[in-house]
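Shown next: coords_28.cif, given as mmCIF, C-alpha atoms and all ligand atoms.
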data_structure
#
loop_
_atom_site.label_atom_id
_atom_site.label_comp_id
_atom_site.auth_asym_id
_atom_site.auth_seq_id
_atom_site.Cartn_x
_atom_site.Cartn_y
_atom_site.Cartn_z
CA MET A 1 16.83 46.30 -72.62
CA THR A 2 17.96 43.74 -75.21
CA THR A 3 17.29 40.02 -74.96
CA GLN A 4 20.99 39.54 -74.40
CA ASP A 5 20.93 41.87 -71.37
CA LEU A 6 17.85 40.19 -70.00
CA LEU A 7 19.35 36.70 -70.34
CA GLN A 8 22.48 37.76 -68.49
CA THR A 9 20.51 39.42 -65.71
CA ILE A 10 18.31 36.33 -65.34
CA GLU A 11 21.36 34.07 -65.13
CA ALA A 12 23.06 36.28 -62.54
CA LEU A 13 19.84 36.46 -60.51
CA THR A 14 19.35 32.69 -60.67
CA THR A 15 22.92 32.01 -59.52
CA ARG A 16 22.58 34.44 -56.59
CA ALA A 17 19.17 33.09 -55.68
CA LEU A 18 20.38 29.47 -55.65
CA ARG A 19 23.39 30.41 -53.48
CA GLU A 20 21.17 32.19 -50.97
CA LEU A 21 18.75 29.30 -50.99
CA GLN A 22 21.50 26.90 -50.05
CA ALA A 23 22.48 29.21 -47.18
CA ALA A 24 18.96 29.22 -45.69
CA ARG A 25 19.05 27.14 -42.48
CA ASP A 26 15.41 26.93 -41.44
CA LEU A 27 11.88 27.08 -42.82
CA GLU A 28 11.52 30.70 -41.75
CA ALA A 29 14.57 31.71 -43.83
CA LEU A 30 13.13 29.76 -46.78
CA GLU A 31 9.90 31.72 -46.63
CA ALA A 32 11.82 35.00 -46.61
CA TRP A 33 13.76 33.77 -49.64
CA ARG A 34 10.58 32.83 -51.47
CA VAL A 35 9.04 36.25 -50.87
CA SER A 36 12.27 37.94 -51.99
CA TYR A 37 12.50 36.10 -55.36
CA LEU A 38 9.15 34.54 -56.20
CA GLY A 39 6.69 36.73 -54.25
CA ARG A 40 4.34 39.19 -55.96
CA ARG A 41 7.00 41.91 -55.76
CA GLY A 42 9.89 39.43 -55.85
CA GLN A 43 12.99 39.98 -57.97
CA LEU A 44 12.23 37.26 -60.52
CA THR A 45 8.57 38.25 -60.73
CA GLN A 46 9.63 41.81 -61.61
CA MET A 47 11.91 40.41 -64.22
CA LEU A 48 9.10 38.38 -65.79
CA ARG A 49 7.12 41.60 -66.02
CA SER A 50 9.99 43.33 -67.82
CA VAL A 51 9.73 40.74 -70.63
CA GLY A 52 6.74 42.77 -71.83
CA ALA A 53 9.07 45.64 -72.60
CA LEU A 54 11.00 43.58 -75.17
CA SER A 55 10.25 43.87 -78.86
CA ALA A 56 7.80 41.38 -80.37
CA GLU A 57 10.67 39.34 -81.93
CA GLU A 58 12.71 39.20 -78.74
CA ARG A 59 9.84 38.51 -76.37
CA PRO A 60 9.49 34.69 -76.92
CA ALA A 61 13.15 33.99 -76.19
CA GLY A 62 13.19 36.36 -73.20
CA GLY A 63 9.88 34.95 -71.86
CA ALA A 64 11.10 31.35 -72.22
CA ALA A 65 14.34 32.13 -70.34
CA ALA A 66 12.48 33.90 -67.53
CA ASN A 67 10.01 30.99 -67.18
CA ARG A 68 12.85 28.44 -67.07
CA ALA A 69 14.47 30.48 -64.33
CA LYS A 70 11.19 30.59 -62.39
CA GLU A 71 10.71 26.81 -62.66
CA ALA A 72 14.32 26.23 -61.64
CA LEU A 73 13.93 28.40 -58.52
CA GLU A 74 10.59 26.85 -57.60
CA SER A 75 11.86 23.28 -57.80
CA ALA A 76 15.07 24.24 -55.97
CA LEU A 77 12.88 25.72 -53.21
CA GLU A 78 10.90 22.48 -52.94
CA ARG A 79 14.06 20.36 -52.66
CA ARG A 80 15.52 22.67 -50.03
CA GLN A 81 12.27 22.51 -48.03
CA GLU A 82 12.44 18.69 -48.03
CA GLU A 83 16.09 18.76 -46.99
CA LEU A 84 15.46 21.11 -44.09
CA LYS A 85 12.44 19.12 -42.87
CA ALA A 86 14.50 15.91 -42.89
CA THR A 87 17.32 17.58 -40.95
CA ALA A 88 14.87 18.95 -38.36
CA LEU A 89 13.39 15.47 -37.89
CA GLU A 90 16.82 13.93 -37.42
CA ARG A 91 17.76 16.57 -34.89
CA GLY A 92 14.53 15.93 -32.98
CA LEU A 93 15.15 12.20 -32.92
CA ALA A 94 18.71 12.75 -31.78
CA GLU A 95 17.50 14.91 -28.89
CA GLU A 96 14.94 12.31 -27.87
CA ARG A 97 17.35 9.42 -28.06
CA LEU A 98 17.41 7.17 -24.97
CA ASP A 99 20.80 6.60 -23.45
CA VAL A 100 20.48 3.10 -22.07
CA THR A 101 23.87 3.31 -20.42
CA LEU A 102 22.68 6.01 -17.94
CA PRO A 103 22.24 4.66 -14.38
CA GLY A 104 18.53 4.15 -13.47
CA ARG A 105 16.65 6.11 -10.81
CA THR A 106 16.25 4.11 -7.60
CA LEU A 107 12.65 3.34 -6.72
CA ASN A 108 11.90 3.22 -3.02
CA LEU A 109 10.32 -0.17 -2.51
CA GLY A 110 7.79 -0.43 0.29
CA ARG A 111 7.37 -3.51 2.43
CA LEU A 112 4.86 -4.95 4.84
CA HIS A 113 4.89 -3.67 8.42
CA PRO A 114 6.37 -6.25 10.83
CA THR A 115 2.98 -6.59 12.56
CA THR A 116 1.29 -7.34 9.23
CA GLN A 117 3.97 -9.90 8.42
CA MET A 118 3.48 -11.57 11.82
CA VAL A 119 -0.33 -11.52 11.53
CA ARG A 120 -0.11 -13.16 8.11
CA GLU A 121 2.36 -15.79 9.31
CA ILE A 122 0.13 -16.71 12.26
CA CYS A 123 -3.07 -16.73 10.19
CA ASN A 124 -1.40 -19.00 7.61
CA ILE A 125 -0.49 -21.47 10.35
CA PHE A 126 -4.12 -21.61 11.48
CA VAL A 127 -5.40 -21.83 7.91
CA SER A 128 -3.18 -24.89 7.46
CA MET A 129 -4.95 -26.39 10.51
CA GLY A 130 -8.38 -25.83 8.93
CA PHE A 131 -9.33 -22.41 10.33
CA GLN A 132 -10.99 -19.62 8.30
CA VAL A 133 -9.91 -15.97 8.57
CA MET A 134 -12.51 -13.25 9.29
CA GLU A 135 -12.37 -9.59 10.29
CA GLY A 136 -14.71 -7.37 12.33
CA PRO A 137 -15.38 -3.76 13.39
CA GLU A 138 -12.93 -1.77 15.52
CA VAL A 139 -15.74 0.47 16.80
CA GLU A 140 -17.92 -1.94 18.73
CA TRP A 141 -21.07 -2.08 20.83
CA ASP A 142 -20.79 -2.66 24.57
CA ARG A 143 -23.12 -5.60 23.94
CA TYR A 144 -20.53 -7.54 21.90
CA ASN A 145 -17.37 -6.33 23.63
CA PHE A 146 -18.72 -7.19 27.10
CA GLU A 147 -22.29 -8.33 27.62
CA MET A 148 -22.40 -11.28 25.24
CA LEU A 149 -19.06 -12.36 26.69
CA ASN A 150 -20.68 -12.82 30.10
CA ILE A 151 -19.47 -9.44 31.40
CA PRO A 152 -22.61 -7.53 32.38
CA LYS A 153 -22.60 -3.84 33.36
CA GLU A 154 -21.04 -3.20 36.78
CA HIS A 155 -19.19 -6.57 36.58
CA PRO A 156 -15.77 -6.01 38.20
CA ALA A 157 -14.11 -7.91 35.31
CA ARG A 158 -14.71 -4.85 33.11
CA ASP A 159 -11.73 -3.32 34.91
CA MET A 160 -9.51 -5.86 33.13
CA TRP A 161 -10.02 -3.88 29.92
CA ASP A 162 -9.32 -0.16 30.28
CA THR A 163 -11.82 1.09 27.76
CA LEU A 164 -11.86 4.03 25.35
CA TRP A 165 -15.54 4.95 25.07
CA ILE A 166 -17.27 6.66 22.16
CA ASP A 167 -19.31 9.70 23.22
CA ARG A 168 -22.76 8.16 22.82
CA VAL A 169 -25.36 7.10 25.40
CA ASP A 170 -28.66 5.21 25.31
CA ASP A 171 -32.01 6.35 26.80
CA LEU A 172 -30.86 5.34 30.26
CA GLY A 173 -27.70 7.44 29.95
CA GLU A 174 -25.48 4.33 29.62
CA ARG A 175 -22.47 4.41 27.29
CA THR A 176 -23.03 1.95 24.47
CA MET A 177 -20.18 2.28 22.00
CA LEU A 178 -16.44 1.85 22.37
CA LEU A 179 -13.16 1.09 20.63
CA ARG A 180 -12.93 -2.67 21.00
CA THR A 181 -10.54 -3.66 23.76
CA HIS A 182 -10.02 -7.15 22.34
CA THR A 183 -11.04 -9.22 19.31
CA SER A 184 -13.29 -11.45 21.44
CA PRO A 185 -16.52 -9.62 20.44
CA MET A 186 -16.15 -11.36 17.09
CA GLN A 187 -16.78 -14.68 18.87
CA ALA A 188 -20.39 -13.66 19.52
CA ARG A 189 -20.83 -12.00 16.11
CA ILE A 190 -19.62 -15.12 14.28
CA MET A 191 -21.57 -17.63 16.36
CA GLU A 192 -24.76 -15.55 15.97
CA GLN A 193 -24.47 -15.88 12.22
CA THR A 194 -23.44 -19.51 11.81
CA ARG A 195 -23.91 -23.02 13.18
CA PRO A 196 -21.16 -25.41 14.37
CA PRO A 197 -18.66 -26.60 13.36
CA VAL A 198 -16.87 -23.24 13.72
CA ARG A 199 -13.13 -22.80 13.22
CA VAL A 200 -12.07 -19.18 12.71
CA VAL A 201 -9.27 -16.78 13.46
CA VAL A 202 -9.93 -13.03 13.58
CA PRO A 203 -6.97 -10.65 13.27
CA GLY A 204 -7.52 -6.97 14.07
CA LYS A 205 -6.61 -3.83 15.93
CA CYS A 206 -7.56 -3.23 19.57
CA TYR A 207 -7.42 -0.16 21.82
CA ARG A 208 -6.96 0.26 25.55
CA TYR A 209 -6.76 3.31 27.75
CA GLU A 210 -3.58 2.21 29.46
CA ALA A 211 -0.09 3.47 30.21
CA THR A 212 2.49 2.22 27.75
CA ASP A 213 5.63 0.29 28.69
CA ALA A 214 7.98 -2.18 26.99
CA THR A 215 5.22 -4.77 26.50
CA HIS A 216 2.07 -2.59 26.46
CA GLU A 217 0.83 -0.23 23.77
CA TRP A 218 -2.46 1.69 23.89
CA HIS A 219 -3.29 0.32 20.43
CA PHE A 220 -2.08 -3.09 19.38
CA HIS A 221 -3.27 -6.16 17.52
CA GLN A 222 -4.85 -9.40 18.57
CA ILE A 223 -5.73 -12.57 16.76
CA GLU A 224 -8.82 -14.24 18.14
CA GLY A 225 -9.28 -17.96 17.65
CA LEU A 226 -12.53 -19.90 18.05
CA ALA A 227 -13.33 -23.56 17.52
CA VAL A 228 -16.79 -24.94 18.43
CA ASP A 229 -18.09 -28.39 17.66
CA GLU A 230 -19.34 -31.53 19.34
CA GLY A 231 -16.71 -33.12 21.57
CA ILE A 232 -14.03 -30.40 21.60
CA THR A 233 -11.90 -30.65 24.76
CA PHE A 234 -9.13 -28.79 26.54
CA ALA A 235 -6.67 -31.21 24.91
CA ASP A 236 -7.64 -29.75 21.52
CA LEU A 237 -6.90 -26.26 22.84
CA LYS A 238 -3.47 -27.27 24.15
CA GLY A 239 -2.59 -29.26 21.06
CA THR A 240 -3.50 -26.38 18.73
CA LEU A 241 -1.57 -23.77 20.70
CA TYR A 242 1.49 -26.02 21.17
CA GLU A 243 1.52 -26.53 17.41
CA LEU A 244 1.38 -22.75 16.90
CA ALA A 245 4.34 -22.24 19.30
CA ARG A 246 6.31 -25.04 17.63
CA ARG A 247 5.75 -23.63 14.13
CA ILE A 248 6.74 -20.08 15.14
CA PHE A 249 9.51 -20.60 17.70
CA GLY A 250 10.79 -24.12 17.06
CA ALA A 251 10.47 -27.23 19.24
CA GLU A 252 13.10 -26.20 21.81
CA ARG A 253 11.22 -23.09 23.07
CA LYS A 254 9.53 -23.54 26.44
CA VAL A 255 5.77 -22.96 26.73
CA ARG A 256 3.85 -22.47 29.96
CA PHE A 257 0.09 -22.64 30.62
CA ARG A 258 -1.26 -21.12 33.83
CA VAL A 259 -4.77 -20.80 35.14
CA ASP A 260 -6.21 -17.37 34.37
CA TYR A 261 -9.59 -15.75 34.66
CA PHE A 262 -11.73 -14.50 31.79
CA PRO A 263 -15.52 -14.34 32.33
CA PHE A 264 -16.16 -15.85 28.88
CA VAL A 265 -14.24 -19.11 29.44
CA GLU A 266 -14.32 -21.90 31.97
CA PRO A 267 -11.61 -22.94 32.67
CA GLY A 268 -9.34 -20.08 31.51
CA VAL A 269 -5.58 -20.02 30.99
CA ASP A 270 -2.78 -17.81 29.81
CA MET A 271 0.10 -19.09 27.73
CA SER A 272 3.64 -17.75 28.04
CA ILE A 273 6.96 -18.39 26.29
CA ASP A 274 10.31 -18.27 28.09
CA CYS A 275 11.90 -14.80 27.82
CA PHE A 276 14.25 -14.57 24.82
CA ARG A 277 16.47 -11.97 26.42
CA CYS A 278 17.32 -13.62 29.76
CA LYS A 279 16.53 -17.20 28.65
CA GLY A 280 14.14 -17.52 31.57
CA GLN A 281 16.53 -16.18 34.24
CA GLY A 282 14.48 -13.00 34.85
CA CYS A 283 15.12 -9.49 33.52
CA SER A 284 13.38 -6.12 33.20
CA LEU A 285 11.68 -7.18 29.97
CA CYS A 286 9.92 -10.16 31.55
CA LYS A 287 9.51 -8.31 34.84
CA ASN A 288 11.88 -10.84 36.46
CA THR A 289 9.52 -13.75 35.85
CA GLY A 290 11.45 -15.43 33.03
CA TRP A 291 8.22 -15.64 31.01
CA ILE A 292 6.40 -13.41 28.52
CA GLU A 293 2.67 -13.87 28.18
CA ILE A 294 1.48 -14.10 24.60
CA LEU A 295 -2.13 -15.13 24.84
CA GLY A 296 -5.23 -15.75 26.93
CA ALA A 297 -7.41 -18.78 26.23
CA GLY A 298 -9.95 -21.23 27.60
CA MET A 299 -13.02 -23.37 26.99
CA VAL A 300 -15.92 -21.23 25.81
CA HIS A 301 -18.24 -20.54 28.76
CA PRO A 302 -21.66 -22.28 28.56
CA LYS A 303 -23.37 -18.90 29.08
CA VAL A 304 -21.65 -17.50 25.97
CA LEU A 305 -22.82 -20.52 23.94
CA GLU A 306 -26.37 -20.16 25.28
CA GLY A 307 -26.33 -16.43 24.48
CA VAL A 308 -25.86 -17.13 20.77
CA GLY A 309 -28.36 -20.00 20.72
CA TYR A 310 -25.95 -22.96 20.86
CA ASP A 311 -26.87 -25.82 23.21
CA PRO A 312 -23.93 -26.16 25.66
CA ASN A 313 -24.96 -29.76 26.34
CA VAL A 314 -24.26 -30.60 22.70
CA TYR A 315 -21.45 -28.22 21.75
CA THR A 316 -18.19 -27.30 23.40
CA GLY A 317 -15.40 -25.11 22.16
CA PHE A 318 -12.13 -23.40 22.88
CA ALA A 319 -11.09 -19.81 22.22
CA PHE A 320 -7.96 -17.74 22.54
CA GLY A 321 -6.73 -14.20 21.97
CA LEU A 322 -3.05 -13.63 21.19
CA GLY A 323 -0.90 -10.57 20.65
CA PRO A 324 1.07 -10.67 17.36
CA GLU A 325 3.37 -7.81 18.44
CA ARG A 326 4.37 -9.79 21.55
CA ILE A 327 5.03 -12.83 19.38
CA ALA A 328 7.13 -10.76 16.93
CA MET A 329 9.09 -9.42 19.93
CA LEU A 330 9.91 -12.94 21.05
CA LYS A 331 10.68 -14.17 17.59
CA TYR A 332 12.95 -11.27 16.52
CA GLY A 333 14.34 -10.22 19.93
CA ILE A 334 12.62 -6.79 19.95
CA ASP A 335 12.94 -5.34 23.43
CA ASP A 336 10.22 -2.66 23.33
CA ILE A 337 6.76 -2.87 21.78
CA ARG A 338 6.73 0.92 21.26
CA HIS A 339 9.18 0.53 18.35
CA PHE A 340 6.35 -0.93 16.24
CA TYR A 341 4.38 2.31 15.94
CA ALA A 342 7.10 4.95 16.38
CA ASN A 343 7.48 5.11 12.57
CA ASP A 344 11.27 4.96 12.79
CA LEU A 345 12.47 3.64 9.43
CA ARG A 346 15.70 2.34 10.99
CA PHE A 347 13.53 -0.13 12.90
CA LEU A 348 10.98 -0.87 10.19
CA ARG A 349 13.59 -1.51 7.46
CA GLN A 350 14.96 -4.47 9.41
CA PHE A 351 11.93 -6.59 8.50
C1 LIG B 401 -9.12 -15.05 26.45
C2 LIG B 401 -9.95 -16.15 26.43
C3 LIG B 401 -10.63 -16.41 25.25
O1 LIG B 401 -11.53 -17.48 25.23
C4 LIG B 401 -10.48 -15.65 24.13
C5 LIG B 401 -9.64 -14.54 24.16
C6 LIG B 401 -8.98 -14.25 25.32
C7 LIG B 401 -8.11 -13.06 25.38
C8 LIG B 401 -8.84 -11.86 25.95
N1 LIG B 401 -9.85 -11.37 25.06
C9 LIG B 401 -7.83 -10.78 26.20
O2 LIG B 401 -7.91 -9.70 25.64
N2 LIG B 401 -6.88 -11.11 27.05
S1 LIG B 401 -5.60 -10.19 27.38
O3 LIG B 401 -6.04 -8.92 27.88
O4 LIG B 401 -4.74 -10.91 28.26
O5 LIG B 401 -4.90 -9.97 26.00
C10 LIG B 401 -4.52 -11.07 25.20
C11 LIG B 401 -3.17 -10.83 24.56
O6 LIG B 401 -3.19 -9.58 23.88
C12 LIG B 401 -2.08 -10.67 25.58
O7 LIG B 401 -1.58 -11.93 25.96
C13 LIG B 401 -1.06 -9.88 24.81
O8 LIG B 401 -0.34 -10.71 23.94
C14 LIG B 401 -1.92 -8.97 24.00
N3 LIG B 401 -2.09 -7.67 24.66
C15 LIG B 401 -2.97 -7.34 25.62
N4 LIG B 401 -2.83 -6.06 25.97
C16 LIG B 401 -1.83 -5.56 25.23
C17 LIG B 401 -1.35 -6.58 24.40
N5 LIG B 401 -0.36 -6.39 23.52
C18 LIG B 401 0.17 -5.16 23.49
N6 LIG B 401 -0.20 -4.12 24.26
C19 LIG B 401 -1.20 -4.27 25.13
N7 LIG B 401 -1.61 -3.24 25.86
#
As structure tokens, please, write out the structure in this file.
Amino acid sequence: MTTQDLLQTIEALTTRALRELQAARDLEALEAWRVSYLGRRGQLTQMLRSVGALSAEERPAGGAAANRAKEALESALERRQEELKATALERGLAEERLDVTLPGRTLNLGRLHPTTQMVREICNIFVSMGFQVMEGPEVEWDRYNFEMLNIPKEHPARDMWDTLWIDRVDDLGERTMLLRTHTSPMQARIMEQTRPPVRVVVPGKCYRYEATDATHEWHFHQIEGLAVDEGITFADLKGTLYELARRIFGAERKVRFRVDYFPFVEPGVDMSIDCFRCKGQGCSLCKNTGWIEILGAGMVHPKVLEGVGYDPNVYTGFAFGLGPERIAMLKYGIDDIRHFYANDLRFLRQF
């Protein structure tokens, strides 16, 4: 081969190689191209080897041309690699691009259960009157649920609270543990641990083994209230509960106190509000009485005070236990307490 032939072949090879390089679309194709031209058995590498076959005078010119071609292909390869990398990056960014005009996904927002809302509203009213908020156990000892509230074993008043007992007996075979039937056991627990003045409200869940109807659930909530100090009278009890009714229902709603019996108060009362549905005329909701009872209350019995070590000759107090579901029913015109725990979103979403 003459130098002239070699130069022409190198030029033709370089032109073809550069065209193919431009046609390569990804890094894989580039690698194949590199192997084909610049690899150990590549076309240009073979050509460099054939320079050795030239005569001694022709060799420098042939060698220089082959080396220029090699450098040209190598730097063209580098440029093409950079180009392809940049294009791949752009494509990636384009795929990841955020389209801010797309409509968002709706998040289902939760809300507080109507009972929780009512409990908080009532507690806030009492907090504004100087009461503290405390909570207590739902699984309770007989001692706190009954005995310390002046309801000894075999006392007929136990029938007022249909009790769900826990399967556990003491040495004498007596049942000792239960699901609390009211929040009143917290009266004894709190007084045992503190000295007057006491002003607390205790919200919490209660359980009773009773048939359900429009105003009775087998599990429901109560808010217990307790105020003990020197010189507390029944007027304080009435004033506090009137204020509660006024703040929740407005001044025009009628409130009724009637004598009631609870072994842990003397005297005892219940408080009712006129029925929202029949406006006091009598209907199935209020059992034709025109009134719906919302709480039991009274002056703390001296025996309860003595039981926790308070001197009843020095201290007096009032206590009450109210049902927040019943209050929510009156406030929002709900005609059946069973809606609260039926988990029907059509009901719950209204609050
Ligand atoms: C009385 C005097 C005190 O010094 C302190 C508290 C009490 C209340 C007493 N511990 C008690 O449980 N009385 S009660 O049986 O009449 O219940 C009080 C309130 O709880 C009722 O007025 C009612 O609002 C609610 N309640 C009672 N049983 C219910 C119920 N709510 C829904 N379902 C039930 N089954």
Interface rows for chain A against ligand LIG 401 (chain B): nearest pair, Å to one decimal, 6 Å, all atoms listed in the file, as a tab-separated table:
residue	atom	partner	partner_atom	distance
A:His182	CA	B:LIG401	O2	4.7
A:Ser184	CA	B:LIG401	N1	5.0
A:Thr215	CA	B:LIG401	C18	5.9
A:His216	CA	B:LIG401	N6	3.5
A:Glu217	CA	B:LIG401	N6	4.1
A:Trp218	CA	B:LIG401	N7	5.4
A:Phe220	CA	B:LIG401	C18	5.1
A:Gln222	CA	B:LIG401	O6	5.6
A:Phe262	CA	B:LIG401	C2	5.9
A:Val265	CA	B:LIG401	O1	5.3
A:Glu293	CA	B:LIG401	O7	5.2
A:Ile294	CA	B:LIG401	O8	3.9
A:Leu295	CA	B:LIG401	O7	3.4
A:Gly296	CA	B:LIG401	C1	4.0
A:Ala297	CA	B:LIG401	C2	3.7
A:Gly298	CA	B:LIG401	O1	4.7
A:Val300	CA	B:LIG401	O1	5.8
A:Ala319	CA	B:LIG401	O1	3.8
A:Phe320	CA	B:LIG401	C4	3.6
A:Gly321	CA	B:LIG401	C5	3.7
A:Leu322	CA	B:LIG401	C11	4.4
A:Gly323	CA	B:LIG401	O8	3.3
A:Arg326	CA	B:LIG401	O8	5.4
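With distances taken over all atoms listed in the file, A:Glu11 is the one residue among A:Glu96, A:Asp335, A:Glu58, A:Glu11 lying closest to Ala72 (chain A).
Using all atoms listed in the file, the protein and nucleic acid residues lying at most 12 Å from the point (-0.5, -16.6, 7.5) are Thr115, Thr116, Gln117, Met118, Val119, Arg120, Glu121, Ile122, Cys123, Asn124, Ile125, Phe126, Val127, Ser128, Met129, Phe131, Gln132, Val133, Val201, Val202, Pro203, Ile223, Leu244, Arg247, Ile248 and Pro324 of chain A.
Considering the residues A:Asp336, A:Asp142, A:Glu192, A:Glu224 and counting all atoms listed in the file, Val304 (chain A) has its shortest atom-to-atom contact with A:Glu192.
Checking A:Ala245, A:Ala65, A:Ile190, A:Val228 one by one against Tyr315 (chain A), counting only C-alpha atoms, you find the shortest gap at A:Val228.
From CA of Leu44 (chain A) back to CA of Thr14 (chain A), the distance works out to 8.5 Å.
Residue nearest Ala86 (chain A), chosen from A:Cys286, A:Leu27, A:Val139, A:Ala66 and counting all atoms listed in the file: A:Leu27.
Rounded to one decimal, CA of Met329 (chain A) and CA of Val269 (chain A) lie 21.2 Å from each other.
Residues surrounding Asn288 (chain A) within 10 Å are Cys275, Cys278, Gly280, Gln281 and Gly282 of chain A [all atoms listed in the file; sequence separation below 6 positions excluded].
The space separating CA of Arg49 (chain A) from CA of Arg79 (chain A) comes to 26.0 Å.
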Give, as AutoDock Vina command-line options, the centre coordinates and the x, y and z edge lengths in Å to one decimal for an axis-aligned box around all listed atoms of region 74-89 of chain A, padded by 6 Å on each side.
--center_x 14.0 --center_y 21.2 --center_z -47.8 --size_x 18.7 --size_y 23.4 --size_z 31.9
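Between Val308 (chain A) and the candidates A:Arg277, A:Arg189, A:Arg40, A:Arg208, the tightest atom-to-atom separation, counting all atoms listed in the file, involves A:Arg189.
The point (-19.8, -31.8, 20.8) has these residues within 9 Å of it when all atoms listed in the file are used: Val228, Asp229, Glu230, Gly231, Ile232, Thr233, Pro312, Asn313, Val314, Tyr315, Thr316 and Gly317 of chain A.
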From the set A:Gly309, A:Ile337, A:Pro103, A:Met47, which residue has the shortest atom-to-atom contact distance to Gln8 (chain A), counting all atoms listed in the file?
A:Met47
Could I get the residues of region 253-293 of chain A with an atom no further than 12 Å from an atom of region 153-176 of chain A, each paired with its nearest atom pair and that distance in Å to one decimal, using only C-alpha atoms, sorted by chain and residue number, as a Markdown table?
| residue | atom | partner | partner_atom | distance |
| --- | --- | --- | --- | --- |
| A:Tyr261 | CA | A:Ala157 | CA | 9.1 |
| A:Phe262 | CA | A:Ala157 | CA | 7.8 |
| A:Pro263 | CA | A:Ala157 | CA | 7.2 |
| A:Phe264 | CA | A:Ala157 | CA | 10.4 |
Phe249 (chain A) environment, 12 Å, all atoms listed in the file, sequence neighbours closer than 3 positions dropped, as a PyMOL selection string
chain A and resi 122+241-246+252-255+273-276+327-333
Determine, counting only C-alpha atoms, which protein, DNA and RNA residues have an atom within 12 Å of an atom of Arg16 (chain A); residues of the same chain fewer than 2 positions away are not included. Present the result as an mmCIF file with C-alpha atoms, keeping the file's coordinate frame.
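Below you can see out_27.cif, which holds the result:
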data_model
loop_
_atom_site.group_PDB
_atom_site.id
_atom_site.type_symbol
_atom_site.label_atom_id
_atom_site.label_comp_id
_atom_site.auth_asym_id
_atom_site.auth_seq_id
_atom_site.Cartn_x
_atom_site.Cartn_y
_atom_site.Cartn_z
ATOM 1 C CA THR A 9 20.510 39.420 -65.710
ATOM 2 C CA ILE A 10 18.310 36.330 -65.340
ATOM 3 C CA GLU A 11 21.360 34.070 -65.130
ATOM 4 C CA ALA A 12 23.060 36.280 -62.540
ATOM 5 C CA LEU A 13 19.840 36.460 -60.510
ATOM 6 C CA THR A 14 19.350 32.690 -60.670
ATOM 7 C CA LEU A 18 20.380 29.470 -55.650
ATOM 8 C CA ARG A 19 23.390 30.410 -53.480
ATOM 9 C CA GLU A 20 21.170 32.190 -50.970
ATOM 10 C CA LEU A 21 18.750 29.300 -50.990
ATOM 11 C CA GLN A 22 21.500 26.900 -50.050
ATOM 12 C CA ALA A 23 22.480 29.210 -47.180
ATOM 13 C CA TRP A 33 13.760 33.770 -49.640
ATOM 14 C CA SER A 36 12.270 37.940 -51.990
ATOM 15 C CA TYR A 37 12.500 36.100 -55.360
ATOM 16 C CA GLN A 43 12.990 39.980 -57.970
ATOM 17 C CA LEU A 44 12.230 37.260 -60.520
ATOM 18 C CA ALA A 69 14.470 30.480 -64.330
ATOM 19 C CA LEU A 73 13.930 28.400 -58.520
#
Polymer residues at most 8 Å from Cys206 (chain A), only C-alpha atoms, same-chain spacing of 3 or more positions, as a short mmCIF file (atom, residue, chain, number, x, y, z; two decimals) with C-alpha atoms, in the coordinates of the input:
data_model
loop_
_atom_site.label_atom_id
_atom_site.label_comp_id
_atom_site.auth_asym_id
_atom_site.auth_seq_id
_atom_site.Cartn_x
_atom_site.Cartn_y
_atom_site.Cartn_z
CA GLU A 138 -12.93 -1.77 15.52
CA LEU A 179 -13.16 1.09 20.63
CA ARG A 180 -12.93 -2.67 21.00
CA THR A 181 -10.54 -3.66 23.76
CA HIS A 182 -10.02 -7.15 22.34
CA THR A 183 -11.04 -9.22 19.31
CA HIS A 219 -3.29 0.32 20.43
CA PHE A 220 -2.08 -3.09 19.38
CA HIS A 221 -3.27 -6.16 17.52
CA GLN A 222 -4.85 -9.40 18.57
#
